Every structure is written in structure tokens, then in C-alpha cells.
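Q: Before we start, here is the structure in question, set down as C-alpha cells.
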Amino acid sequence: MEGLVSIPTLSPEQLSAAREAATRARRVRADFKAKVRSGNITLSEALDKATNDEILAHVKVVDLLKALPRVGDKRAAEIMERLEIAPNRRIRGLGHHQIAGLRAEFDQRS
């Protein structure tokens, strides 16, 4: 088959470094969502932080919404559908109108 790219073989040191980097990234994202959940940062602040941070930019929008107080699966899905945000969209993939819609949705309720 043409066009197939083989995956490079990593040394044990490279594998270990990759695992450590992935673990750090998961912890940073979990801490980020915990701060949103506890109210230490607002949705607007969270979007600003994620826009400027490559690790936080990979947080799924639905997970960020569900971290907000009083937002569960159903409300998050409704908001995302209304703002035309795909269920698997990550923060980095949001458009300007979608970000503005999220800010408006939660700034008016503050």
C-alpha cells in the first residue's frame, strides 16, 4: 500500500519521557477543570488561559462546560448544540463566534 507511514520505534528513554509528559498534561488539565469547578476561575478566564496554553487548549469544550457549577451532561449538550459546537470539539478549535457565545451564555448568569 502506498502512502503508509511507519511509526518510529522509540527508545525506552523516549517512551518514559513521553509517558511523563502525558501524565503532566493530564494533571494540568485536571487542575484547570478543578479550578473552574470550584469557582476560582470563570469560564471567560478559563477560555483566555486555554487560548494561550497549548496543554489547556486540548481540553474538550464539553468537559469544560460540565466543570462549571450547575452544568451537567444535558445542559452542556444543549448549550453546545445551540452554539453549533461539535460534541468532540476542543477549546483550540472554537471559532470567535462560538467563544463569544459561551462568554455571553455565562456572563449574563453571573
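Ordering of the C-alpha cells sets the chain letters (A, B, ...); residue numbers start at 1 within each chain; ligands are numbered from 1 in the order shown.
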Pick out the residues sitting within 12 Å of Gly95 of chain A, and hand them over as a ChimeraX atom specification; count only C-alpha atoms, and ignore anything fewer than 6 positions along from it in its own chain.

A: /A:47,51,83-86,89,101-102

Q: For the residues selected in the previous step, produce a file with N, CA, C and O atoms as a PDB file, in the first residue's frame.

A:
```pdb
ATOM      1  N   LEU A  47     -11.282  30.326  29.248  1.00  0.00           N
ATOM      2  CA  LEU A  47     -11.097  30.399  27.792  1.00  0.00           C
ATOM      3  C   LEU A  47      -9.848  31.212  27.448  1.00  0.00           C
ATOM      4  O   LEU A  47      -9.098  30.843  26.549  1.00  0.00           O
ATOM      5  N   THR A  51      -6.561  29.615  25.568  1.00  0.00           N
ATOM      6  CA  THR A  51      -6.159  30.164  24.276  1.00  0.00           C
ATOM      7  C   THR A  51      -4.652  30.366  24.216  1.00  0.00           C
ATOM      8  O   THR A  51      -4.039  30.244  23.161  1.00  0.00           O
ATOM      9  N   LEU A  83     -25.026  26.623  20.181  1.00  0.00           N
ATOM     10  CA  LEU A  83     -23.897  27.413  19.674  1.00  0.00           C
ATOM     11  C   LEU A  83     -23.183  26.733  18.503  1.00  0.00           C
ATOM     12  O   LEU A  83     -22.153  27.213  18.039  1.00  0.00           O
ATOM     13  N   GLU A  84     -23.748  25.603  18.059  1.00  0.00           N
ATOM     14  CA  GLU A  84     -23.190  24.850  16.937  1.00  0.00           C
ATOM     15  C   GLU A  84     -21.732  24.434  17.166  1.00  0.00           C
ATOM     16  O   GLU A  84     -20.866  24.617  16.321  1.00  0.00           O
ATOM     17  N   ILE A  85     -21.505  23.864  18.349  1.00  0.00           N
ATOM     18  CA  ILE A  85     -20.180  23.352  18.707  1.00  0.00           C
ATOM     19  C   ILE A  85     -20.270  21.829  18.670  1.00  0.00           C
ATOM     20  O   ILE A  85     -21.122  21.235  19.329  1.00  0.00           O
ATOM     21  N   ALA A  86     -19.415  21.207  17.893  1.00  0.00           N
ATOM     22  CA  ALA A  86     -19.411  19.747  17.767  1.00  0.00           C
ATOM     23  C   ALA A  86     -19.124  19.102  19.118  1.00  0.00           C
ATOM     24  O   ALA A  86     -18.343  19.642  19.914  1.00  0.00           O
ATOM     25  N   ARG A  89     -15.419  18.746  20.023  1.00  0.00           N
ATOM     26  CA  ARG A  89     -14.585  19.945  19.811  1.00  0.00           C
ATOM     27  C   ARG A  89     -13.743  20.241  21.054  1.00  0.00           C
ATOM     28  O   ARG A  89     -14.193  20.133  22.178  1.00  0.00           O
ATOM     29  N   GLY A 101     -20.243  33.377  22.111  1.00  0.00           N
ATOM     30  CA  GLY A 101     -21.495  32.781  22.574  1.00  0.00           C
ATOM     31  C   GLY A 101     -21.354  32.158  23.945  1.00  0.00           C
ATOM     32  O   GLY A 101     -22.243  32.307  24.796  1.00  0.00           O
ATOM     33  N   LEU A 102     -20.248  31.461  24.185  1.00  0.00           N
ATOM     34  CA  LEU A 102     -20.018  30.862  25.506  1.00  0.00           C
ATOM     35  C   LEU A 102     -19.864  31.942  26.569  1.00  0.00           C
ATOM     36  O   LEU A 102     -20.428  31.840  27.665  1.00  0.00           O
TER      37      LEU A 102
END
```

Q: When DSSP is applied to the backbone of this structure, which of chain A are assigned helix (DSSP H, G or I)? Write them out as a ChimeraX atom specification.

A: /A:12-38,43-51,56-58,61-67,73-82,91-93,96-107

Q: Quick one: residues within 10 Å of Ser44 of chain A, only C-alpha atoms counted, chain neighbours fewer than 6 positions away excluded, as a PyMOL selection string?

A: chain A and resi 50+99-100+102-104+106-107

Q: Since we have the selection now, will you write its residues out, keeping N, CA and C atoms, as a short mmCIF file (atom, residue, chain, number, x, y, z; two decimals), in the first residue's frame?

A:
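Final output, part13.cif:
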```cif
data_model
loop_
_atom_site.label_atom_id
_atom_site.label_comp_id
_atom_site.auth_asym_id
_atom_site.auth_seq_id
_atom_site.Cartn_x
_atom_site.Cartn_y
_atom_site.Cartn_z
N ALA A 50 -6.78 29.03 28.25
CA ALA A 50 -6.63 27.92 27.30
C ALA A 50 -6.18 28.41 25.93
N ILE A 99 -16.80 31.25 20.86
CA ILE A 99 -16.24 31.76 22.12
C ILE A 99 -17.10 32.90 22.65
N ALA A 100 -17.50 33.81 21.79
CA ALA A 100 -18.36 34.93 22.20
C ALA A 100 -19.69 34.41 22.74
N LEU A 102 -20.25 31.46 24.18
CA LEU A 102 -20.02 30.86 25.51
C LEU A 102 -19.86 31.94 26.57
N ARG A 103 -19.12 32.98 26.25
CA ARG A 103 -18.94 34.08 27.21
C ARG A 103 -20.29 34.73 27.54
N ALA A 104 -21.10 34.97 26.51
CA ALA A 104 -22.41 35.60 26.71
C ALA A 104 -23.33 34.69 27.54
N PHE A 106 -22.62 32.61 29.89
CA PHE A 106 -22.31 32.52 31.31
C PHE A 106 -22.04 33.86 31.97
N ASP A 107 -21.71 34.89 31.21
CA ASP A 107 -21.51 36.20 31.82
C ASP A 107 -22.85 36.78 32.25
#
```

Q: List the spatial neighbours of Glu54 of chain A as an MDAnalysis selection string - criterion: any atom at most 12 Å away, only C-alpha atoms, same-chain residues fewer than 6 positions off excluded.

A: chainID A and resid 25 28:29 48 90:93

Q: Based on the selection just made, write C-alpha atoms of those residues as an mmCIF file, in the first residue's frame.

A:
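The file below, out13.cif, is the result:
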```
data_model
loop_
_atom_site.group_PDB
_atom_site.id
_atom_site.type_symbol
_atom_site.label_atom_id
_atom_site.label_comp_id
_atom_site.auth_asym_id
_atom_site.auth_seq_id
_atom_site.Cartn_x
_atom_site.Cartn_y
_atom_site.Cartn_z
ATOM 1 C CA ALA A 25 -0.505 17.248 30.749
ATOM 2 C CA VAL A 28 -2.513 20.235 34.379
ATOM 3 C CA ARG A 29 -5.856 19.766 32.607
ATOM 4 C CA ASP A 48 -8.425 33.116 27.939
ATOM 5 C CA ARG A 90 -11.630 21.051 21.888
ATOM 6 C CA ILE A 91 -11.099 24.613 23.102
ATOM 7 C CA ARG A 92 -8.410 25.241 20.486
ATOM 8 C CA GLY A 93 -10.928 24.503 17.723
#
```

Q: Excluding Ile41 of chain A and any residue of its chain fewer than 6 positions from it, enumerate the residues within 12 Å of it, using only C-alpha atoms, and give them as an MDAnalysis selection string.

A: chainID A and resid 31:35 47:50 64 67:69

Q: Quick one, how far is atom CA of Arg37 of chain A from atom CA of His96 of chain A?

A: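 We find that atom CA of Arg37 of chain A and atom CA of His96 of chain A lie 23.9 Å from each other.
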
Q: So that I can see what lies close to Val62 of chain A, please list as a CSV table (one decimal) with N, CA and C atoms, in the first residue's frame the residues with an atom at most 9 Å from it, counting only C-alpha atoms and leaving out residues fewer than 2 positions away in the same chain.

A:
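The result, stored in around-v3.csv:
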```csv
chain,number,residue,atom,x,y,z
A,59,VAL,N,-8.3,20.7,26.1
A,59,VAL,CA,-9.5,20.3,26.9
A,59,VAL,C,-10.7,20.3,26.0
A,60,LYS,N,-11.5,19.3,26.1
A,60,LYS,CA,-12.8,19.3,25.4
A,60,LYS,C,-13.7,20.3,25.9
A,64,LEU,N,-15.1,21.1,29.8
A,64,LEU,CA,-15.0,22.4,30.5
A,64,LEU,C,-16.4,22.9,31.0
A,65,LEU,N,-17.4,22.8,30.1
A,65,LEU,CA,-18.8,23.2,30.5
A,65,LEU,C,-19.3,22.4,31.7
A,66,LYS,N,-19.0,21.1,31.7
A,66,LYS,CA,-19.5,20.2,32.8
A,66,LYS,C,-18.8,20.5,34.1
A,67,ALA,N,-17.6,21.1,34.0
A,67,ALA,CA,-16.9,21.5,35.2
A,67,ALA,C,-17.5,22.7,35.9
A,73,ASP,N,-24.5,17.0,32.0
A,73,ASP,CA,-24.5,16.5,30.6
A,73,ASP,C,-25.5,17.1,29.8
A,76,ALA,N,-25.0,21.0,29.2
A,76,ALA,CA,-23.8,21.2,28.3
A,76,ALA,C,-24.1,20.9,26.9
A,77,ALA,N,-24.8,19.7,26.7
A,77,ALA,CA,-25.2,19.3,25.3
A,77,ALA,C,-26.1,20.4,24.6
A,80,MET,N,-24.0,23.5,23.7
A,80,MET,CA,-23.2,23.2,22.5
A,80,MET,C,-24.0,23.1,21.3
A,87,PRO,N,-19.7,17.9,19.4
A,87,PRO,CA,-19.5,17.3,20.7
A,87,PRO,C,-18.1,16.9,21.0
A,88,ASN,N,-17.3,16.7,20.0
A,88,ASN,CA,-15.9,16.4,20.3
A,88,ASN,C,-14.9,17.5,20.1
A,89,ARG,N,-15.4,18.7,20.0
A,89,ARG,CA,-14.6,19.9,19.8
A,89,ARG,C,-13.7,20.2,21.1
A,90,ARG,N,-12.5,20.6,20.8
A,90,ARG,CA,-11.6,21.1,21.9
A,90,ARG,C,-11.6,22.6,21.9
```

Q: Enter the distance from atom CA of Ile55 of chain A to atom CA of Arg24 of chain A, in Å, rounded to one decimal.

A: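 Taking atom CA of Ile55 of chain A and atom CA of Arg24 of chain A, their separation equals 9.5 Å.
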